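Colleague: Got a structure for you, written out below as structure tokens; questions coming shortly.
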Amino acid sequence: MDAEFAHLDDAEVAALYAMPRQRLPDGRAPIELCMVASLDGSISLDGLSGGLSSSADRLVLSTLRTHSRCVLVAAGTVRSEGYGTPSRPDLTVAVVTNSCRLNWDGPLFTSGQAIVITHEAADLPSNIRAIRAGQTSVDIRLAADQLQKFVPQGGFIQLEGGPMLNATLHEHDLIDVVNLTLSPQLVGGTGRRMIEPSVELTRKFNMQHAVSDGDCLFTRWTRRSEVAS
């Protein structure tokens, strides 16, 4: 376990999360799931993740996004969390959708930095960049292969949910790293969990670090079956 810090600053967060990633043995860039959760596992408070977050958590998120260069996220999360123009011009946001019910005039899509991952039968505006994988629903494994061209050497794919997309990646054994922030709250209720719904499949991970900022705990876990990044 790495050293613990009373408060994480930019340099400490960079040391924990900004290192170059190695390609996996099959040649693809790692896919790293980034989530914040309450002590009882909820990933939202009043329907959003912001109530569980902190300034340090937002710093970790922005650092991971910067160094990944490619964010993978479900359309529902884009809508609920209000994704806008990426903060860096070299960051690609890949939005997974079967229905293609998105605001094409919103800042994320007018920025030119978004790419839609959908299926061959989907109806998309002609000006929207797209990866088409699967005939009538998204084939996430094929999509992940096609997404590799947007990840530079040393980068990775940052997976930001939601739970159904996480579950699909989990079922295909495509989650290589979990960057999980534990928020010091019990939420209860019917809030969503990190992976749902999903068949029960065990994937084992090794802890790379667990460091604190105040009462928040920042953890990083790497798959045992692959070379740690």
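Ligands are numbered from 1 in the order shown, residues from 1 within each chain, and chains are lettered A, B, ... in the order they appear in the structure tokens.
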Can you pull out every residue within 10 Å of region 5-22 of chain A, counting only C-alpha atoms, but drop anything in the same chain fewer than 5 positions away, and send it as a ChimeraX atom specification?

Modeller: /A:27-30,55-57,59-61,63-68,153-156,179,208-216,218-220,227-229

Colleague: Write the residues you've just listed into a file as an mmCIF file, in the first residue's frame, and include C-alpha atoms for each of them.

Modeller:
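Result went into part27.cif, see below:
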```cif
data_model
loop_
_atom_site.group_PDB
_atom_site.id
_atom_site.type_symbol
_atom_site.label_atom_id
_atom_site.label_comp_id
_atom_site.auth_asym_id
_atom_site.auth_seq_id
_atom_site.Cartn_x
_atom_site.Cartn_y
_atom_site.Cartn_z
ATOM 1 C CA GLY A 27 -1.957 -5.095 -28.186
ATOM 2 C CA ARG A 28 -4.926 -3.064 -26.995
ATOM 3 C CA ALA A 29 -4.880 -0.086 -24.666
ATOM 4 C CA PRO A 30 -6.189 -0.771 -21.125
ATOM 5 C CA SER A 55 -12.496 18.483 -4.847
ATOM 6 C CA ALA A 56 -9.845 15.732 -4.699
ATOM 7 C CA ASP A 57 -12.137 13.307 -6.532
ATOM 8 C CA LEU A 59 -8.935 16.383 -9.517
ATOM 9 C CA VAL A 60 -8.427 12.617 -9.904
ATOM 10 C CA LEU A 61 -11.151 12.482 -12.574
ATOM 11 C CA THR A 63 -6.168 13.890 -14.307
ATOM 12 C CA LEU A 64 -7.352 10.518 -15.570
ATOM 13 C CA ARG A 65 -9.281 12.111 -18.428
ATOM 14 C CA THR A 66 -6.275 14.185 -19.458
ATOM 15 C CA HIS A 67 -3.933 11.225 -19.603
ATOM 16 C CA SER A 68 -6.397 8.733 -21.082
ATOM 17 C CA GLN A 153 0.751 5.207 -27.211
ATOM 18 C CA GLY A 154 0.930 5.411 -23.411
ATOM 19 C CA GLY A 155 -2.753 6.279 -23.137
ATOM 20 C CA PHE A 156 -5.802 4.276 -22.082
ATOM 21 C CA ASN A 179 -10.114 3.551 -10.097
ATOM 22 C CA GLN A 208 -2.211 -0.919 -6.525
ATOM 23 C CA HIS A 209 -2.828 1.843 -4.016
ATOM 24 C CA ALA A 210 -5.213 3.134 -1.352
ATOM 25 C CA VAL A 211 -4.658 6.734 -0.277
ATOM 26 C CA SER A 212 -6.818 9.174 1.620
ATOM 27 C CA ASP A 213 -7.764 12.790 1.245
ATOM 28 C CA GLY A 214 -9.575 13.785 4.399
ATOM 29 C CA ASP A 215 -12.246 11.114 4.808
ATOM 30 C CA CYS A 216 -12.334 10.085 1.132
ATOM 31 C CA PHE A 218 -8.889 6.699 -3.388
ATOM 32 C CA THR A 219 -8.157 3.178 -4.584
ATOM 33 C CA ARG A 220 -6.696 1.687 -7.741
ATOM 34 C CA VAL A 227 0.395 -7.206 -16.610
ATOM 35 C CA ALA A 228 -0.224 -4.224 -14.329
ATOM 36 C CA SER A 229 -0.146 -0.894 -16.158
#
```

Colleague: In Å to one decimal, how far is CA of Gly106 (chain A) from CA of Glu81 (chain A)?

Modeller: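 About the pair CA of Glu81 (chain A) and CA of Gly106 (chain A): they are 13.1 Å apart.
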
Colleague: Rounded to one decimal place, report the CA of Ile115 (chain A)-CA of Val93 (chain A) distance in Å.

Modeller: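 If I compute the distance from CA of Ile115 (chain A) to CA of Val93 (chain A), I get 6.2 Å.
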
Colleague: Using only C-alpha atoms, can you tell me which of A:Ala133, A:Ile140, A:Val178, A:Ile43 comes closest to Ala121 (chain A)?

Modeller: A:Ala133

Colleague: Select from region 22-213 of chain A everything DSSP, run on the backbone, classes as strand (DSSP E or B), then give the selection as a VMD selection string.

Modeller: chain A and resid 31 to 38 45 48 69 to 74 92 to 96 114 to 118 130 to 132 156 to 159 177 to 183 205 to 213

Colleague: Restricting it to N, CA and C atoms, dump the selection as a compact mmCIF listing (two decimals), in the first residue's frame.

Modeller:
```txt
# COMPACT_ATOMS: atom_id res chain seq x y z
N ILE A 31 -8.51 -0.57 -20.54
CA ILE A 31 -9.76 0.11 -20.24
C ILE A 31 -9.85 0.24 -18.72
N GLU A 32 -9.93 1.49 -18.24
CA GLU A 32 -9.94 1.75 -16.81
C GLU A 32 -11.28 2.35 -16.39
N LEU A 33 -11.98 1.65 -15.50
CA LEU A 33 -13.25 2.13 -14.97
C LEU A 33 -12.99 3.13 -13.86
N CYS A 34 -13.60 4.30 -13.94
CA CYS A 34 -13.45 5.34 -12.93
C CYS A 34 -14.81 5.66 -12.34
N MET A 35 -14.97 5.43 -11.04
CA MET A 35 -16.26 5.67 -10.39
C MET A 35 -16.04 6.20 -8.98
N VAL A 36 -17.07 6.89 -8.46
CA VAL A 36 -17.13 7.26 -7.05
C VAL A 36 -18.36 6.57 -6.46
N ALA A 37 -18.22 6.04 -5.25
CA ALA A 37 -19.32 5.29 -4.63
C ALA A 37 -19.39 5.60 -3.15
N SER A 38 -20.59 5.47 -2.60
CA SER A 38 -20.78 5.60 -1.15
C SER A 38 -20.29 4.34 -0.46
N LEU A 45 -26.27 10.22 -5.73
CA LEU A 45 -27.04 10.82 -4.65
C LEU A 45 -28.01 11.78 -5.31
N LEU A 48 -27.46 11.83 -9.14
CA LEU A 48 -26.22 12.32 -9.75
C LEU A 48 -25.03 11.90 -8.90
N ARG A 69 -6.90 10.35 -22.79
CA ARG A 69 -7.14 10.91 -24.12
C ARG A 69 -8.38 10.34 -24.80
N CYS A 70 -9.08 9.39 -24.12
CA CYS A 70 -10.29 8.82 -24.71
C CYS A 70 -11.23 8.37 -23.59
N VAL A 71 -12.41 8.97 -23.52
CA VAL A 71 -13.42 8.64 -22.52
C VAL A 71 -14.52 7.81 -23.18
N LEU A 72 -14.90 6.72 -22.54
CA LEU A 72 -15.98 5.85 -23.01
C LEU A 72 -17.13 5.95 -22.02
N VAL A 73 -18.32 6.33 -22.51
CA VAL A 73 -19.43 6.61 -21.60
C VAL A 73 -20.76 6.31 -22.29
N ALA A 74 -21.73 5.88 -21.51
CA ALA A 74 -23.06 5.58 -22.04
C ALA A 74 -23.86 6.86 -22.25
N THR A 92 -11.00 12.74 -26.73
CA THR A 92 -12.15 12.21 -27.46
C THR A 92 -13.13 11.59 -26.48
N VAL A 93 -14.42 11.91 -26.63
CA VAL A 93 -15.46 11.32 -25.80
C VAL A 93 -16.30 10.40 -26.69
N ALA A 94 -16.24 9.11 -26.40
CA ALA A 94 -16.98 8.10 -27.17
C ALA A 94 -18.26 7.75 -26.43
N VAL A 95 -19.40 8.02 -27.05
CA VAL A 95 -20.71 7.85 -26.42
C VAL A 95 -21.40 6.63 -26.99
N VAL A 96 -21.73 5.67 -26.12
CA VAL A 96 -22.35 4.42 -26.56
C VAL A 96 -23.87 4.56 -26.51
N ALA A 114 -16.60 14.56 -29.93
CA ALA A 114 -17.37 13.37 -29.59
C ALA A 114 -17.41 12.41 -30.77
N ILE A 115 -17.49 11.14 -30.45
CA ILE A 115 -17.74 10.11 -31.45
C ILE A 115 -18.80 9.17 -30.90
N VAL A 116 -19.76 8.81 -31.71
CA VAL A 116 -20.86 7.96 -31.27
C VAL A 116 -20.54 6.51 -31.61
N ILE A 117 -20.70 5.64 -30.62
CA ILE A 117 -20.59 4.20 -30.85
C ILE A 117 -22.00 3.63 -30.90
N THR A 118 -22.38 3.12 -32.05
CA THR A 118 -23.73 2.59 -32.24
C THR A 118 -23.68 1.41 -33.20
N ALA A 130 -18.95 8.52 -36.17
CA ALA A 130 -19.50 7.32 -35.56
C ALA A 130 -18.60 6.11 -35.77
N ILE A 131 -18.63 5.23 -34.80
CA ILE A 131 -18.13 3.87 -34.92
C ILE A 131 -19.37 2.97 -34.92
N ARG A 132 -19.52 2.19 -35.95
CA ARG A 132 -20.66 1.28 -36.02
C ARG A 132 -20.16 -0.14 -35.79
N PHE A 156 -4.87 5.33 -22.44
CA PHE A 156 -5.80 4.28 -22.08
C PHE A 156 -7.22 4.78 -22.33
N ILE A 157 -8.19 3.90 -22.22
CA ILE A 157 -9.59 4.27 -22.37
C ILE A 157 -10.20 4.42 -20.98
N GLN A 158 -10.75 5.59 -20.72
CA GLN A 158 -11.36 5.88 -19.42
C GLN A 158 -12.85 5.57 -19.49
N LEU A 159 -13.29 4.54 -18.78
CA LEU A 159 -14.70 4.13 -18.75
C LEU A 159 -15.40 4.85 -17.61
N VAL A 177 -8.64 -2.11 -15.22
CA VAL A 177 -8.28 -1.37 -14.01
C VAL A 177 -9.55 -0.74 -13.46
N VAL A 178 -9.66 -0.67 -12.13
CA VAL A 178 -10.75 0.06 -11.48
C VAL A 178 -10.15 1.16 -10.61
N ASN A 179 -10.48 2.41 -10.93
CA ASN A 179 -10.11 3.55 -10.10
C ASN A 179 -11.37 3.96 -9.33
N LEU A 180 -11.43 3.58 -8.07
CA LEU A 180 -12.65 3.74 -7.27
C LEU A 180 -12.41 4.69 -6.10
N THR A 181 -13.22 5.73 -6.02
CA THR A 181 -13.22 6.64 -4.88
C THR A 181 -14.35 6.24 -3.93
N LEU A 182 -14.02 6.06 -2.67
CA LEU A 182 -15.04 5.78 -1.66
C LEU A 182 -15.38 7.06 -0.92
N SER A 183 -16.64 7.45 -1.01
CA SER A 183 -17.13 8.65 -0.35
C SER A 183 -17.63 8.28 1.04
N PHE A 205 -8.84 -8.78 -8.79
CA PHE A 205 -7.97 -7.62 -8.96
C PHE A 205 -6.97 -7.54 -7.81
N ASN A 206 -5.84 -6.89 -8.10
CA ASN A 206 -4.85 -6.58 -7.07
C ASN A 206 -4.90 -5.11 -6.74
N MET A 207 -4.74 -4.77 -5.45
CA MET A 207 -4.71 -3.36 -5.07
C MET A 207 -3.36 -2.75 -5.45
N GLN A 208 -3.43 -1.65 -6.18
CA GLN A 208 -2.21 -0.92 -6.53
C GLN A 208 -1.94 0.20 -5.53
N HIS A 209 -3.00 0.88 -5.10
CA HIS A 209 -2.83 1.84 -4.02
C HIS A 209 -4.16 2.12 -3.33
N ALA A 210 -4.06 2.63 -2.10
CA ALA A 210 -5.21 3.13 -1.35
C ALA A 210 -4.70 4.32 -0.55
N VAL A 211 -5.13 5.51 -0.93
CA VAL A 211 -4.66 6.73 -0.28
C VAL A 211 -5.87 7.59 0.10
N SER A 212 -5.70 8.39 1.12
CA SER A 212 -6.82 9.17 1.62
C SER A 212 -6.61 10.66 1.37
N ASP A 213 -7.72 11.33 1.25
CA ASP A 213 -7.76 12.79 1.24
C ASP A 213 -8.90 13.15 2.19
```

Colleague: Enter the distance from CA of Val187 (chain A) to CA of Arg203 (chain A), in Å, rounded to one decimal.

Modeller: 26.1 Å

Colleague: Need to verify the contact set: region 193-200 of chain A, 6 Å, only C-alpha atoms, exclusion of same-chain residues closer than 4 positions in sequence. Can you return it as a list in words?

Modeller: Gly41, Ser42, Ile43, Pro163, Met164, Asn166 and Ala167 of chain A

Colleague: Write down as an mmCIF file with N, CA and C atoms, in the first residue's frame the residues of region 52-95 of chain A whose backbone DSSP state falls under alpha helix (DSSP H).

Modeller:
```cif
data_model
loop_
_atom_site.group_PDB
_atom_site.id
_atom_site.type_symbol
_atom_site.label_atom_id
_atom_site.label_comp_id
_atom_site.auth_asym_id
_atom_site.auth_seq_id
_atom_site.Cartn_x
_atom_site.Cartn_y
_atom_site.Cartn_z
ATOM 1 N N SER A 55 -13.461 17.784 -3.995
ATOM 2 C CA SER A 55 -12.496 18.483 -4.847
ATOM 3 C C SER A 55 -11.361 17.550 -5.265
ATOM 4 N N ALA A 56 -10.910 16.679 -4.355
ATOM 5 C CA ALA A 56 -9.845 15.732 -4.699
ATOM 6 C C ALA A 56 -10.337 14.714 -5.722
ATOM 7 N N ASP A 57 -11.574 14.261 -5.576
ATOM 8 C CA ASP A 57 -12.137 13.307 -6.532
ATOM 9 C C ASP A 57 -12.233 13.940 -7.911
ATOM 10 N N ARG A 58 -12.639 15.205 -7.974
ATOM 11 C CA ARG A 58 -12.718 15.896 -9.266
ATOM 12 C C ARG A 58 -11.324 16.067 -9.873
ATOM 13 N N LEU A 59 -10.307 16.281 -9.029
ATOM 14 C CA LEU A 59 -8.935 16.383 -9.517
ATOM 15 C C LEU A 59 -8.468 15.049 -10.090
ATOM 16 N N VAL A 60 -8.774 13.948 -9.396
ATOM 17 C CA VAL A 60 -8.427 12.617 -9.904
ATOM 18 C C VAL A 60 -9.116 12.373 -11.248
ATOM 19 N N LEU A 61 -10.400 12.691 -11.337
ATOM 20 C CA LEU A 61 -11.151 12.482 -12.574
ATOM 21 C C LEU A 61 -10.540 13.265 -13.726
ATOM 22 N N SER A 62 -10.234 14.543 -13.501
ATOM 23 C CA SER A 62 -9.676 15.367 -14.576
ATOM 24 C C SER A 62 -8.282 14.888 -14.979
ATOM 25 N N THR A 63 -7.499 14.419 -14.002
ATOM 26 C CA THR A 63 -6.168 13.890 -14.307
ATOM 27 C C THR A 63 -6.268 12.632 -15.160
ATOM 28 N N LEU A 64 -7.164 11.744 -14.787
ATOM 29 C CA LEU A 64 -7.352 10.518 -15.570
ATOM 30 C C LEU A 64 -7.845 10.831 -16.982
ATOM 31 N N ARG A 65 -8.789 11.751 -17.103
ATOM 32 C CA ARG A 65 -9.281 12.111 -18.428
ATOM 33 C C ARG A 65 -8.159 12.676 -19.294
ATOM 34 N N THR A 66 -7.355 13.551 -18.710
ATOM 35 C CA THR A 66 -6.275 14.185 -19.458
ATOM 36 C C THR A 66 -5.302 13.159 -20.005
ATOM 37 N N HIS A 67 -4.960 12.169 -19.202
ATOM 38 C CA HIS A 67 -3.933 11.225 -19.603
ATOM 39 C C HIS A 67 -4.496 10.023 -20.366
ATOM 40 N N SER A 68 -5.802 9.816 -20.291
ATOM 41 C CA SER A 68 -6.397 8.733 -21.082
ATOM 42 C C SER A 68 -6.482 9.123 -22.550
ATOM 43 N N ALA A 75 -24.776 6.801 -23.208
ATOM 44 C CA ALA A 75 -25.597 7.968 -23.531
ATOM 45 C C ALA A 75 -26.394 8.456 -22.323
ATOM 46 N N GLY A 76 -26.920 7.528 -21.501
ATOM 47 C CA GLY A 76 -27.697 7.929 -20.331
ATOM 48 C C GLY A 76 -26.876 8.744 -19.351
ATOM 49 N N THR A 77 -25.606 8.390 -19.180
ATOM 50 C CA THR A 77 -24.735 9.151 -18.293
ATOM 51 C C THR A 77 -24.441 10.518 -18.876
ATOM 52 N N VAL A 78 -24.238 10.592 -20.178
ATOM 53 C CA VAL A 78 -24.029 11.882 -20.848
ATOM 54 C C VAL A 78 -25.212 12.807 -20.600
ATOM 55 N N ARG A 79 -26.427 12.254 -20.712
ATOM 56 C CA ARG A 79 -27.624 13.074 -20.507
ATOM 57 C C ARG A 79 -27.771 13.486 -19.048
ATOM 58 N N SER A 80 -27.650 12.532 -18.124
ATOM 59 C CA SER A 80 -27.926 12.838 -16.707
ATOM 60 C C SER A 80 -26.855 13.719 -16.084
ATOM 61 N N GLU A 81 -25.590 13.528 -16.487
ATOM 62 C CA GLU A 81 -24.497 14.290 -15.887
ATOM 63 C C GLU A 81 -24.167 15.558 -16.670
#
```

Colleague: Select, from A:Gly134, A:Arg101, A:Glu171, A:Ala144, the residue with the minimum atom-to-atom distance to Glu120 (chain A), counting only C-alpha atoms.

Modeller: A:Gly134
